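Visitor: Sharing start-v2.cif below, mmCIF, C-alpha atoms and all ligand atoms:
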```cif
data_query
#
loop_
_atom_site.group_PDB
_atom_site.id
_atom_site.type_symbol
_atom_site.label_atom_id
_atom_site.label_comp_id
_atom_site.auth_asym_id
_atom_site.auth_seq_id
_atom_site.Cartn_x
_atom_site.Cartn_y
_atom_site.Cartn_z
ATOM 1 C CA MET P 105 7.977 11.600 -15.543
ATOM 2 C CA ILE P 106 6.171 13.181 -18.522
ATOM 3 C CA GLN P 107 3.384 15.612 -17.587
ATOM 4 C CA LEU P 108 0.730 16.212 -20.247
ATOM 5 C CA GLY P 109 -1.735 18.063 -18.018
ATOM 6 C CA GLN P 110 -1.525 21.114 -15.773
ATOM 7 C CA HIS P 111 -0.187 19.408 -12.643
ATOM 8 C CA PRO P 112 3.558 19.293 -11.940
ATOM 9 C CA ALA P 113 5.284 15.957 -11.447
ATOM 10 C CA PRO P 114 4.897 14.286 -8.051
ATOM 11 C CA THR P 115 7.791 14.607 -5.645
ATOM 12 C CA HIS P 116 7.579 10.971 -4.519
ATOM 13 C CA VAL P 117 6.156 7.685 -5.754
ATOM 14 C CA ILE P 118 5.403 4.855 -3.325
ATOM 15 C CA ALA P 119 3.955 1.408 -3.964
ATOM 16 C CA HIS P 120 1.573 0.402 -1.185
ATOM 17 C CA ILE P 121 1.193 -3.370 -0.880
ATOM 18 C CA SER P 122 -0.614 -5.209 1.895
ATOM 19 C CA ASP P 123 -1.487 -8.503 3.492
ATOM 20 C CA THR P 124 0.698 -10.965 1.621
ATOM 21 C CA HIS P 125 -0.018 -13.724 4.239
ATOM 22 C CA LEU P 126 2.780 -16.068 3.115
ATOM 23 C CA LEU P 127 3.179 -19.533 4.656
ATOM 24 C CA ALA P 128 6.316 -21.589 5.270
ATOM 25 C CA GLY P 129 7.290 -23.907 2.438
ATOM 26 C CA GLY P 130 5.206 -21.885 -0.007
ATOM 27 C CA ARG P 131 2.040 -23.670 1.107
ATOM 28 C CA PRO P 132 -1.149 -22.241 -0.360
ATOM 29 C CA LEU P 133 -3.308 -20.308 2.096
ATOM 30 C CA TYR P 134 -6.538 -22.144 3.033
ATOM 31 C CA GLY P 135 -5.280 -24.945 0.795
ATOM 32 C CA SER P 136 -5.833 -23.056 -2.439
ATOM 33 C CA VAL P 137 -4.708 -19.404 -2.427
ATOM 34 C CA ALA P 138 -1.368 -19.075 -4.251
ATOM 35 C CA THR P 139 -0.107 -16.212 -2.102
ATOM 36 C CA GLU P 140 3.446 -16.264 -3.488
ATOM 37 C CA GLU P 141 2.214 -16.188 -7.087
ATOM 38 C CA HIS P 142 -0.102 -13.305 -6.273
ATOM 39 C CA LEU P 143 2.747 -11.356 -4.672
ATOM 40 C CA ALA P 144 5.094 -12.088 -7.575
ATOM 41 C CA ARG P 145 2.420 -10.880 -9.985
ATOM 42 C CA ALA P 146 2.004 -7.677 -7.984
ATOM 43 C CA LEU P 147 5.717 -7.001 -8.257
ATOM 44 C CA SER P 148 5.963 -7.863 -11.952
ATOM 45 C CA LYS P 149 2.975 -5.617 -12.699
ATOM 46 C CA LEU P 150 4.688 -2.856 -10.770
ATOM 47 C CA GLU P 151 7.924 -3.375 -12.694
ATOM 48 C CA ARG P 152 6.201 -3.242 -16.059
ATOM 49 C CA SER P 153 4.306 -0.060 -15.123
ATOM 50 C CA ARG P 154 5.738 3.444 -15.485
ATOM 51 C CA ALA P 155 5.486 4.032 -11.732
ATOM 52 C CA VAL P 156 9.208 3.814 -10.697
ATOM 53 C CA PRO P 157 8.502 3.660 -6.934
ATOM 54 C CA GLN P 158 11.114 4.965 -4.497
ATOM 55 C CA ALA P 159 9.752 2.684 -1.790
ATOM 56 C CA LEU P 160 7.590 -0.394 -1.462
ATOM 57 C CA VAL P 161 5.534 -0.129 1.736
ATOM 58 C CA PHE P 162 4.045 -3.405 2.996
ATOM 59 C CA THR P 163 1.344 -2.652 5.562
ATOM 60 C CA GLY P 164 1.431 -5.866 7.561
ATOM 61 C CA ASP P 165 0.179 -9.451 7.708
ATOM 62 C CA LEU P 166 3.308 -10.316 5.804
ATOM 63 C CA ALA P 167 3.322 -13.912 7.073
ATOM 64 C CA ASP P 168 0.058 -15.692 7.872
ATOM 65 C CA LEU P 169 1.395 -17.614 10.896
ATOM 66 C CA GLY P 170 4.605 -15.677 11.600
ATOM 67 C CA GLU P 171 6.776 -18.611 10.504
ATOM 68 C CA PRO P 172 10.473 -17.777 9.977
ATOM 69 C CA ASP P 173 10.520 -19.503 6.584
ATOM 70 C CA ALA P 174 7.605 -17.365 5.419
ATOM 71 C CA TYR P 175 9.724 -14.248 6.084
ATOM 72 C CA GLU P 176 12.685 -15.825 4.257
ATOM 73 C CA ARG P 177 10.462 -16.502 1.279
ATOM 74 C CA LEU P 178 9.003 -13.006 1.410
ATOM 75 C CA LYS P 179 12.475 -11.472 1.330
ATOM 76 C CA ALA P 180 13.522 -13.741 -1.532
ATOM 77 C CA ILE P 181 10.539 -12.617 -3.616
ATOM 78 C CA VAL P 182 10.508 -8.899 -2.734
ATOM 79 C CA GLU P 183 14.148 -7.843 -2.365
ATOM 80 C CA PRO P 184 15.391 -8.657 -5.903
ATOM 81 C CA ALA P 185 12.393 -6.876 -7.440
ATOM 82 C CA ALA P 186 12.893 -3.863 -5.167
ATOM 83 C CA GLU P 187 16.560 -3.745 -6.108
ATOM 84 C CA ARG P 188 15.744 -3.807 -9.830
ATOM 85 C CA MET P 189 13.309 -0.925 -9.296
ATOM 86 C CA GLY P 190 15.763 0.982 -7.088
ATOM 87 C CA ALA P 191 13.119 1.039 -4.347
ATOM 88 C CA ALA P 192 13.599 0.881 -0.589
ATOM 89 C CA VAL P 193 11.479 -1.712 1.224
ATOM 90 C CA ILE P 194 9.477 -0.654 4.273
ATOM 91 C CA TRP P 195 7.878 -3.405 6.327
ATOM 92 C CA VAL P 196 5.080 -2.981 8.854
ATOM 93 C CA MET P 197 3.938 -5.485 11.491
ATOM 94 C CA GLY P 198 0.433 -6.988 11.165
ATOM 95 C CA ASN P 199 -1.635 -9.071 13.582
ATOM 96 C CA HIS P 200 -0.643 -12.268 11.751
ATOM 97 C CA ASP P 201 3.065 -11.421 12.142
ATOM 98 C CA GLU P 202 5.284 -12.307 15.101
ATOM 99 C CA ARG P 203 7.806 -9.762 16.373
ATOM 100 C CA GLU P 204 10.743 -12.117 16.922
ATOM 101 C CA PRO P 205 11.006 -13.553 13.385
ATOM 102 C CA TYR P 206 9.950 -10.167 11.962
ATOM 103 C CA SER P 207 12.854 -8.405 13.687
ATOM 104 C CA SER P 208 15.417 -11.158 13.176
ATOM 105 C CA VAL P 209 14.611 -12.952 9.921
ATOM 106 C CA LEU P 210 13.043 -10.100 7.984
ATOM 107 C CA LEU P 211 15.009 -7.128 9.327
ATOM 108 C CA GLY P 212 18.240 -8.959 10.187
ATOM 109 C CA GLU P 213 18.376 -7.557 13.723
ATOM 110 C CA GLU P 214 18.462 -9.089 17.194
ATOM 111 C CA PRO P 215 15.185 -10.919 17.858
ATOM 112 C CA SER P 216 12.880 -8.618 19.787
ATOM 113 C CA THR P 217 9.444 -8.843 21.367
ATOM 114 C CA LYS P 218 9.157 -5.056 21.620
ATOM 115 C CA PRO P 219 6.929 -2.942 19.315
ATOM 116 C CA GLN P 220 8.569 -2.736 15.890
ATOM 117 C CA ASP P 221 8.366 0.995 15.154
ATOM 118 C CA ARG P 222 10.802 2.534 12.699
ATOM 119 C CA VAL P 223 11.395 5.782 10.828
ATOM 120 C CA HIS P 224 12.430 5.836 7.155
ATOM 121 C CA ASP P 225 13.595 8.781 5.077
ATOM 122 C CA ILE P 226 12.567 8.537 1.425
ATOM 123 C CA ALA P 227 14.216 11.552 -0.181
ATOM 124 C CA GLY P 228 12.863 13.928 2.451
ATOM 125 C CA LEU P 229 9.502 12.173 2.842
ATOM 126 C CA ARG P 230 9.340 10.581 6.287
ATOM 127 C CA VAL P 231 7.612 7.201 6.422
ATOM 128 C CA ILE P 232 6.905 5.883 9.915
ATOM 129 C CA SER P 233 6.286 2.165 10.246
ATOM 130 C CA LEU P 234 4.076 1.933 13.322
ATOM 131 C CA ASP P 235 3.444 -1.401 15.029
ATOM 132 C CA THR P 236 -0.205 -1.563 16.116
ATOM 133 C CA THR P 237 -0.136 -5.260 16.976
ATOM 134 C CA VAL P 238 -0.938 -6.887 20.323
ATOM 135 C CA PRO P 239 0.936 -10.194 20.754
ATOM 136 C CA GLY P 240 -1.547 -13.065 20.776
ATOM 137 C CA TRP P 241 -4.481 -10.956 19.534
ATOM 138 C CA HIS P 242 -5.907 -9.791 16.223
ATOM 139 C CA HIS P 243 -7.091 -6.324 17.278
ATOM 140 C CA GLY P 244 -4.696 -3.358 17.452
ATOM 141 C CA GLU P 245 -3.378 -1.096 20.191
ATOM 142 C CA LEU P 246 -0.618 1.460 20.731
ATOM 143 C CA THR P 247 1.136 1.648 24.091
ATOM 144 C CA ASP P 248 1.758 4.870 26.015
ATOM 145 C CA GLY P 249 5.449 4.450 25.191
ATOM 146 C CA GLN P 250 4.752 4.170 21.461
ATOM 147 C CA LEU P 251 2.551 7.267 21.471
ATOM 148 C CA GLU P 252 5.203 9.230 23.374
ATOM 149 C CA TRP P 253 7.841 8.038 20.906
ATOM 150 C CA LEU P 254 5.643 9.037 17.954
ATOM 151 C CA ALA P 255 4.994 12.492 19.404
ATOM 152 C CA GLY P 256 8.742 12.911 19.849
ATOM 153 C CA VAL P 257 9.455 11.959 16.225
ATOM 154 C CA LEU P 258 6.718 14.245 14.890
ATOM 155 C CA ALA P 259 7.957 17.189 16.980
ATOM 156 C CA THR P 260 10.434 17.902 14.168
ATOM 157 C CA PRO P 261 8.754 18.238 10.752
ATOM 158 C CA ALA P 262 10.284 16.431 7.759
ATOM 159 C CA PRO P 263 11.115 18.330 4.540
ATOM 160 C CA HIS P 264 8.235 16.706 2.598
ATOM 161 C CA GLY P 265 6.074 15.763 5.564
ATOM 162 C CA THR P 266 5.216 12.346 6.966
ATOM 163 C CA LEU P 267 3.292 9.254 5.986
ATOM 164 C CA ILE P 268 2.342 6.833 8.750
ATOM 165 C CA ALA P 269 2.143 3.189 7.682
ATOM 166 C CA VAL P 270 0.091 0.992 10.027
ATOM 167 C CA HIS P 271 -1.651 -2.335 9.786
ATOM 168 C CA HIS P 272 -4.893 -1.445 11.609
ATOM 169 C CA PRO P 273 -6.378 1.600 9.820
ATOM 170 C CA PRO P 274 -8.204 3.945 12.239
ATOM 171 C CA ILE P 275 -11.423 4.175 10.212
ATOM 172 C CA PRO P 276 -14.936 2.656 10.337
ATOM 173 C CA THR P 277 -15.695 -0.545 8.388
ATOM 174 C CA PRO P 278 -19.433 -0.094 7.726
ATOM 175 C CA LEU P 279 -19.960 -3.177 5.551
ATOM 176 C CA LEU P 280 -18.003 -5.522 7.807
ATOM 177 C CA GLU P 281 -19.200 -5.053 11.374
ATOM 178 C CA ALA P 282 -16.958 -7.868 12.628
ATOM 179 C CA MET P 283 -13.832 -5.926 11.623
ATOM 180 C CA GLY P 284 -14.851 -3.372 14.247
ATOM 181 C CA ILE P 285 -13.898 -5.956 16.885
ATOM 182 C CA LEU P 286 -10.440 -6.248 15.316
ATOM 183 C CA GLU P 287 -9.782 -2.527 14.944
ATOM 184 C CA LEU P 288 -7.219 -0.278 16.622
ATOM 185 C CA LEU P 289 -8.420 0.443 20.156
ATOM 186 C CA ASP P 290 -8.481 3.924 21.720
ATOM 187 C CA GLN P 291 -8.058 5.702 18.412
ATOM 188 C CA GLN P 292 -8.579 9.079 20.045
ATOM 189 C CA ARG P 293 -5.168 8.768 21.698
ATOM 190 C CA LEU P 294 -3.490 8.455 18.300
ATOM 191 C CA ALA P 295 -5.618 11.315 16.954
ATOM 192 C CA ASP P 296 -4.364 13.545 19.774
ATOM 193 C CA VAL P 297 -0.763 12.810 18.774
ATOM 194 C CA VAL P 298 -1.035 13.260 14.997
ATOM 195 C CA ARG P 299 -3.425 16.222 14.808
ATOM 196 C CA GLY P 300 -1.594 19.399 13.837
ATOM 197 C CA THR P 301 1.638 17.618 12.898
ATOM 198 C CA ASP P 302 3.214 17.184 9.450
ATOM 199 C CA VAL P 303 1.474 13.817 8.914
ATOM 200 C CA ARG P 304 -0.026 14.031 5.413
ATOM 201 C CA GLY P 305 -1.414 10.567 5.037
ATOM 202 C CA ILE P 306 -1.976 7.230 6.737
ATOM 203 C CA LEU P 307 -1.473 3.988 4.783
ATOM 204 C CA GLY P 308 -3.239 0.938 6.177
ATOM 205 C CA GLY P 309 -3.989 -2.721 5.540
ATOM 206 C CA HIS P 310 -5.785 -5.428 7.549
ATOM 207 C CA LEU P 311 -9.192 -5.009 5.880
ATOM 208 C CA HIS P 312 -8.476 -6.965 2.656
ATOM 209 C CA TYR P 313 -10.428 -4.436 0.578
ATOM 210 C CA SER P 314 -9.566 -0.955 -0.708
ATOM 211 C CA THR P 315 -11.139 1.913 1.200
ATOM 212 C CA HIS P 316 -10.489 5.582 1.955
ATOM 213 C CA SER P 317 -11.438 7.901 4.794
ATOM 214 C CA LEU P 318 -10.162 10.587 7.182
ATOM 215 C CA PHE P 319 -8.609 10.354 10.631
ATOM 216 C CA ALA P 320 -8.072 13.518 12.662
ATOM 217 C CA GLY P 321 -8.355 15.380 9.354
ATOM 218 C CA ILE P 322 -5.646 13.227 7.751
ATOM 219 C CA PRO P 323 -6.477 11.162 4.633
ATOM 220 C CA VAL P 324 -6.379 7.399 5.219
ATOM 221 C CA SER P 325 -5.930 4.944 2.360
ATOM 222 C CA VAL P 326 -6.208 1.190 2.782
ATOM 223 C CA ALA P 327 -4.748 -1.139 0.167
ATOM 224 C CA ALA P 328 -6.565 -4.391 -0.545
ATOM 225 C CA ALA P 329 -4.602 -7.570 0.048
ATOM 226 C CA THR P 330 -2.436 -9.428 -2.454
ATOM 227 C CA CYS P 331 -3.535 -12.808 -0.945
ATOM 228 C CA TYR P 332 -7.352 -12.815 -0.894
ATOM 229 C CA THR P 333 -9.965 -10.102 -0.490
ATOM 230 C CA LEU P 334 -13.223 -9.765 1.402
ATOM 231 C CA ASP P 335 -16.458 -9.663 -0.574
ATOM 232 C CA LEU P 336 -18.453 -6.724 0.790
ATOM 233 C CA THR P 337 -21.671 -7.846 -0.930
ATOM 234 C CA ARG P 338 -22.249 -11.113 0.953
ATOM 235 C CA GLY P 339 -24.969 -10.118 3.401
ATOM 236 C CA ASP P 340 -25.392 -13.790 4.277
ATOM 237 C CA ARG P 341 -21.868 -13.949 5.718
ATOM 238 C CA LEU P 342 -20.148 -12.334 8.686
ATOM 239 C CA LEU P 343 -16.970 -12.352 6.570
ATOM 240 C CA SER P 344 -16.430 -13.862 3.127
ATOM 241 C CA GLY P 345 -12.922 -14.183 1.671
ATOM 242 C CA THR P 346 -12.490 -14.758 -2.066
ATOM 243 C CA ASP P 347 -9.484 -15.517 -4.244
ATOM 244 C CA ALA P 348 -10.276 -12.501 -6.414
ATOM 245 C CA GLY P 349 -10.099 -8.728 -6.464
ATOM 246 C CA GLN P 350 -6.492 -8.484 -5.239
ATOM 247 C CA ALA P 351 -4.846 -5.109 -5.835
ATOM 248 C CA ILE P 352 -1.970 -2.851 -4.896
ATOM 249 C CA ASN P 353 -2.033 0.928 -4.577
ATOM 250 C CA LEU P 354 0.263 3.468 -6.170
ATOM 251 C CA VAL P 355 0.797 6.536 -4.050
ATOM 252 C CA HIS P 356 1.881 9.720 -5.808
ATOM 253 C CA VAL P 357 2.921 12.476 -3.420
ATOM 254 C CA TYR P 358 2.642 16.027 -4.721
ATOM 255 C CA ASP P 359 3.600 19.237 -2.970
ATOM 256 C CA ASP P 360 -0.039 19.962 -2.129
ATOM 257 C CA ARG P 361 -1.770 16.554 -2.192
ATOM 258 C CA ILE P 362 -1.441 12.793 -2.396
ATOM 259 C CA VAL P 363 -3.079 10.643 -5.068
ATOM 260 C CA HIS P 364 -3.820 6.956 -4.377
ATOM 261 C CA SER P 365 -4.451 4.782 -7.453
ATOM 262 C CA ILE P 366 -5.652 1.185 -7.220
ATOM 263 C CA ALA P 367 -4.021 -1.314 -9.590
ATOM 264 C CA PRO P 368 -5.848 -4.680 -9.747
ATOM 265 C CA LEU P 369 -3.670 -7.788 -10.040
ATOM 266 C CA GLU P 370 -5.959 -9.698 -12.371
ATOM 267 C CA GLU P 371 -4.466 -10.407 -15.811
ATOM 268 C CA ALA P 372 -7.513 -9.477 -17.834
ATOM 269 C CA GLU P 373 -7.883 -9.459 -21.603
ATOM 270 C CA GLU P 374 -7.077 -6.099 -23.196
ATOM 271 C CA VAL P 375 -10.035 -4.770 -25.142
ATOM 272 C CA THR P 376 -8.741 -1.347 -26.240
ATOM 273 C CA ALA P 377 -5.373 0.428 -26.131
ATOM 274 C CA PHE P 378 -3.007 3.060 -27.435
ATOM 275 C CA GLY P 379 0.672 2.112 -27.631
ATOM 276 C CA ALA P 380 3.156 3.699 -25.224
ATOM 277 C CA GLU P 381 5.107 5.026 -28.219
ATOM 278 C CA HIS P 382 2.509 7.797 -28.560
ATOM 279 C CA LEU P 383 3.578 9.268 -25.222
ATOM 280 C CA ALA P 384 6.812 10.737 -26.584
ATOM 281 C CA THR P 385 4.984 12.046 -29.663
ATOM 282 C CA LEU P 386 2.375 13.792 -27.533
ATOM 283 C CA ALA P 387 5.022 15.124 -25.127
ATOM 284 C CA ALA P 388 6.864 16.747 -28.049
ATOM 285 C CA MET P 389 3.741 18.719 -29.080
ATOM 286 C CA THR P 390 2.509 22.043 -27.731
ATOM 287 C CA PRO P 391 -0.479 21.770 -25.344
ATOM 288 C CA GLU P 392 -2.753 23.062 -28.127
ATOM 289 C CA ALA P 393 -1.443 20.573 -30.675
ATOM 290 C CA ARG P 394 -1.785 17.633 -28.322
ATOM 291 C CA ARG P 395 -5.311 18.678 -27.423
ATOM 292 C CA ALA P 396 -6.158 18.754 -31.121
ATOM 293 C CA ALA P 397 -4.515 15.353 -31.585
ATOM 294 C CA PHE P 398 -6.021 13.557 -28.599
ATOM 295 C CA SER P 399 -9.115 15.443 -27.465
ATOM 296 C CA ASP P 400 -10.713 16.387 -30.773
ATOM 297 C CA LYS P 401 -13.309 13.692 -31.485
ATOM 298 C CA ARG P 402 -12.496 13.967 -35.209
ATOM 299 C CA SER P 403 -8.714 13.523 -34.801
ATOM 300 C CA THR P 404 -6.949 10.603 -36.439
ATOM 301 C CA PHE P 405 -6.202 9.287 -32.944
ATOM 302 C CA ASN P 406 -9.857 9.173 -32.044
ATOM 303 C CA LEU P 407 -11.226 8.147 -35.396
ATOM 304 C CA GLY P 408 -8.715 5.324 -35.400
ATOM 305 C CA ALA P 409 -9.671 4.096 -31.936
ATOM 306 C CA THR P 410 -11.886 1.104 -31.424
ATOM 307 C CA ALA P 411 -15.569 1.997 -31.627
ATOM 308 C CA GLY P 412 -17.211 2.635 -28.295
ATOM 309 C CA ASP P 413 -14.075 3.790 -26.356
HETATM 310 FE FE FE Y 1 -4.601 -9.691 6.676
HETATM 311 FE FE FE Y 2 -4.708 -8.093 9.755
#
```
Show me, as structure tokens, the structure contained in the file I just sent.
Guide:
Amino acid sequence: MIQLGQHPAPTHVIAHISDTHLLAGGRPLYGSVATEEHLARALSKLERSRAVPQALVFTGDLADLGEPDAYERLKAIVEPAAERMGAAVIWVMGNHDEREPYSSVLLGEEPSTKPQDRVHDIAGLRVISLDTTVPGWHHGELTDGQLEWLAGVLATPAPHGTLIAVHHPPIPTPLLEAMGILELLDQQRLADVVRGTDVRGILGGHLHYSTHSLFAGIPVSVAAATCYTLDLTRGDRLLSGTDAGQAINLVHVYDDRIVHSIAPLEEAEEVTAFGAEHLATLAAMTPEARRAAFSDKRSTFNLGATAGD
């Protein structure tokens, strides 16, 4: 990765994708939302970016009704793209998922009704997929056994620390009061386990809009859905889903921080640009020369740019 500023390259790059909500047979969600097309577009946008993710983390609600065929279709869309990118795939259970097809169809294991918690090692960065679901319900909960297991895992720090990937993010949802009913219960119990450990970030889903907060001093980042998103400006609705505003997040992990960048999925018209070929040219210059070339308002770069940039 080429660095043109003062920060060193990140140690890890993760793509954070959420709430795909696929249906069996490729049926559109609510009769009109092309969930498979949206997911495919997310992956093709990722592939054409310069991100080169080491892992794709899907934070739950993978299948809308937990149908086995929806998981088959999800695998068929995601796995070839992940392979081309050289990225591991990390799945997380969501309230719309069902543990038996999740464990058997998606993960290729014995069907299980137990919590689907797993630990992944991404080049020294530990990613814990934590199952916050309650079978038959939309809210979230962690059992005593899961919290004990998590404490046991976190007792040994990982070389680059830990990210926890969950479906129900443990943060307030001030513009959507109803989501408070569907949140993770007893969040203090999780806070007691993660506080003071090597957990550096929590990746969440479930909310269908991008948001960021803190939990027990740990940064929390929620990726909007790829299927549909919630419009936070509809005061006349308890909840309002729209086939717009879908996005994925790119997570760059540095030695001393994590940067979350939101990439919208809309294919919008380009109104101004510099070609990627300039990157190598700028990289070959000294910092002073590239500042003169790109920062000086009178440089040929800037004088040649479209008015109003
Ligand atoms: Fe969802
Ligand atoms: Fe959800």
Visitor: Report, in Å to a single decimal, how far apart CA of Leu311 (chain P) and CA of Leu334 (chain P) are.
Guide: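 According to the coordinates, CA of Leu334 (chain P) and CA of Leu311 (chain P) are separated by 7.7 Å.
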Visitor: Would you translate the PyMOL selection byres (((not hetatm)) within 8 of (chain Y and resi 2)) into the concrete set of residues it matches in this file, as an MDAnalysis selection string?
Guide: chainID P and resid 123 164:165 198:200 242 271:272 309:311
Visitor: I'd like to see the residues matched by the PyMOL selection byres (((chain P and resi 151) around 12) and not hetatm) on this file, and ideally I'd get them as a list in words.
Guide: Ala119, Ala144, Arg145, Ala146, Leu147, Ser148, Lys149, Leu150, Arg152, Ser153, Arg154, Ala155, Val156, Pro157, Leu160, Val182, Pro184, Ala185, Ala186, Glu187, Arg188, Met189, Gly190 and Ala191 of chain P
Visitor: What's the separation between CA of Ala295 (chain P) and CA of Phe319 (chain P), in Å to one decimal place?
Guide: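 Those two atoms sit 7.1 Å apart.
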Visitor: Tell me, as a list in words, which residues lie within 9 Å of Met283 (chain P), counting only C-alpha atoms; anything in the same chain fewer than 4 positions away does not count.
Guide: His243, Pro276, Thr277, Pro278, Glu287, Leu311 and Leu343 of chain P
Visitor: Considering all atoms listed in the file, state which residue in the set P:Val357, P:Ile366, P:Ala327, P:Ile268 is at the smallest distance from ligand FE 1 (chain Y).
Guide: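 Closest candidate: P:Ala327.
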Visitor: Work out how far apart CA of Thr260 (chain P) and CA of Leu354 (chain P) are and give it in Å to one decimal.
Guide: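 Computing the Euclidean distance for CA of Thr260 (chain P) and CA of Leu354 (chain P) yields 26.9 Å.
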Visitor: Name the residues captured by the PyMOL selection byres (((chain P and resi 344) around 12) and not hetatm) when it is applied to the shown file; answer as a list in words.
Guide: Leu279, Leu280, Ala282, Met283, Leu311, His312, Tyr313, Tyr332, Thr333, Leu334, Asp335, Leu336, Thr337, Arg338, Gly339, Asp340, Arg341, Leu342, Leu343, Gly345, Thr346, Asp347 and Ala348 of chain P
Visitor: Nearest to ligand FE 1 (chain Y) among P:Pro391, P:Pro239, P:Gly308, P:Pro274, with distances taken over only C-alpha atoms and all ligand atoms: which residue is it?
Guide: P:Gly308
Visitor: Hey, which of P:Cys331, P:Pro172, P:Leu229, P:Ala192 ends up closest to Tyr134 (chain P)? Count all atoms listed in the file.
Guide: P:Cys331
Visitor: Taking only C-alpha atoms and all ligand atoms into account, which of P:Gln291, P:Asn353, P:Gln158, P:Thr330 comes nearest ligand FE 1 (chain Y)?
Guide: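 Of the candidates, the smallest distance to ligand FE 1 (chain Y) is held by P:Thr330.
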Visitor: Extending 5 Å beyond the listed atoms of region 327-341 of chain P on each side, what axis-aligned box results? I want centre and edge lengths in Å to one decimal, as lines of an AutoDock Vina configuration file.
Guide:
```
center_x = -13.9
center_y = -7.5
center_z = 1.6
size_x = 33.0
size_y = 22.8
size_z = 18.2
```
Visitor: Name all residues at most 10 Å from Tyr175 (chain P) (count only C-alpha atoms; drop same-chain ones fewer than 5 positions away) and give them as a CSV table (one decimal) with C-alpha atoms, in the coordinates of the input.
Guide:
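To be explicit, this is the file written out as part_27.csv:
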```csv
chain,number,residue,atom,x,y,z
P,125,HIS,CA,0.0,-13.7,4.2
P,126,LEU,CA,2.8,-16.1,3.1
P,127,LEU,CA,3.2,-19.5,4.7
P,128,ALA,CA,6.3,-21.6,5.3
P,166,LEU,CA,3.3,-10.3,5.8
P,167,ALA,CA,3.3,-13.9,7.1
P,168,ASP,CA,0.1,-15.7,7.9
P,170,GLY,CA,4.6,-15.7,11.6
P,180,ALA,CA,13.5,-13.7,-1.5
P,181,ILE,CA,10.5,-12.6,-3.6
P,201,ASP,CA,3.1,-11.4,12.1
P,205,PRO,CA,11.0,-13.6,13.4
P,206,TYR,CA,10.0,-10.2,12.0
P,208,SER,CA,15.4,-11.2,13.2
P,209,VAL,CA,14.6,-13.0,9.9
P,210,LEU,CA,13.0,-10.1,8.0
P,211,LEU,CA,15.0,-7.1,9.3
```
Visitor: List as a list in words the protein and nucleic acid residues near Ile106 (chain P), meaning an atom at most 9 Å away when all atoms listed in the file are counted, but skip any in the same chain fewer than 5 places from it.
Guide: Ala113, Leu383, Ala384 and Ala387 of chain P
Visitor: Please identify all polymer residues within 9 Å of His356 (chain P), counting only C-alpha atoms, omitting same-chain residues fewer than 6 positions from it, and present them as an mmCIF file with C-alpha atoms, in the frame of the given file.
Guide:
```cif
data_model
loop_
_atom_site.group_PDB
_atom_site.id
_atom_site.type_symbol
_atom_site.label_atom_id
_atom_site.label_comp_id
_atom_site.auth_asym_id
_atom_site.auth_seq_id
_atom_site.Cartn_x
_atom_site.Cartn_y
_atom_site.Cartn_z
ATOM 1 C CA PRO P 114 4.897 14.286 -8.051
ATOM 2 C CA THR P 115 7.791 14.607 -5.645
ATOM 3 C CA HIS P 116 7.579 10.971 -4.519
ATOM 4 C CA VAL P 117 6.156 7.685 -5.754
ATOM 5 C CA ILE P 118 5.403 4.855 -3.325
ATOM 6 C CA ALA P 119 3.955 1.408 -3.964
ATOM 7 C CA ALA P 155 5.486 4.032 -11.732
ATOM 8 C CA ILE P 362 -1.441 12.793 -2.396
ATOM 9 C CA VAL P 363 -3.079 10.643 -5.068
ATOM 10 C CA HIS P 364 -3.820 6.956 -4.377
ATOM 11 C CA SER P 365 -4.451 4.782 -7.453
#
```
Visitor: Nearest to ligand FE 1 (chain Y) among P:Ala159, P:Leu286, P:Val375, P:Ala380, with distances taken over only C-alpha atoms and all ligand atoms: which residue is it?
Guide: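 Going through P:Ala159, P:Leu286, P:Val375, P:Ala380 one by one, the smallest distance to ligand FE 1 (chain Y) is for P:Leu286.
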Visitor: Return the single residue from P:Ala262, P:Val298, P:Val326, P:Val303 that is closest to ligand FE 1 (chain Y), with distances computed using only C-alpha atoms and all ligand atoms.
Guide: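 Going through P:Ala262, P:Val298, P:Val326, P:Val303 one by one, the smallest distance to ligand FE 1 (chain Y) is for P:Val326.
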Visitor: Excluding Val297 (chain P) and residues on its chain fewer than 4 positions from it, collect all residues at most 10 Å away from it, counting all atoms listed in the file, and give them as a PDB file with C-alpha atoms, in the coordinates of the input.
Guide:
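Written output follows (out08.pdb):
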```pdb
ATOM      1  CA  LEU P 251       2.551   7.267  21.471  1.00  0.00           C
ATOM      2  CA  GLU P 252       5.203   9.230  23.374  1.00  0.00           C
ATOM      3  CA  LEU P 254       5.643   9.037  17.954  1.00  0.00           C
ATOM      4  CA  ALA P 255       4.994  12.492  19.404  1.00  0.00           C
ATOM      5  CA  GLY P 256       8.742  12.911  19.849  1.00  0.00           C
ATOM      6  CA  LEU P 258       6.718  14.245  14.890  1.00  0.00           C
ATOM      7  CA  ALA P 259       7.957  17.189  16.980  1.00  0.00           C
ATOM      8  CA  GLN P 292      -8.579   9.079  20.045  1.00  0.00           C
ATOM      9  CA  ARG P 293      -5.168   8.768  21.698  1.00  0.00           C
ATOM     10  CA  THR P 301       1.638  17.618  12.898  1.00  0.00           C
ATOM     11  CA  ALA P 320      -8.072  13.518  12.662  1.00  0.00           C
TER      12      ALA P 320
END
```
Visitor: Give me region 383-391 of chain P from this structure - C-alpha atoms, as a tab-separated table (two decimals), in the first residue's frame.
Guide:
```
chain	number	residue	atom	x	y	z
P	383	LEU	CA	-0.54	7.62	-7.75
P	384	ALA	CA	2.74	6.08	-8.92
P	385	THR	CA	3.95	9.48	-10.15
P	386	LEU	CA	3.23	11.10	-6.80
P	387	ALA	CA	4.74	8.16	-4.89
P	388	ALA	CA	8.00	8.58	-6.83
P	389	MET	CA	8.34	12.23	-5.72
P	390	THR	CA	9.83	13.59	-2.51
P	391	PRO	CA	7.24	14.79	0.05
```
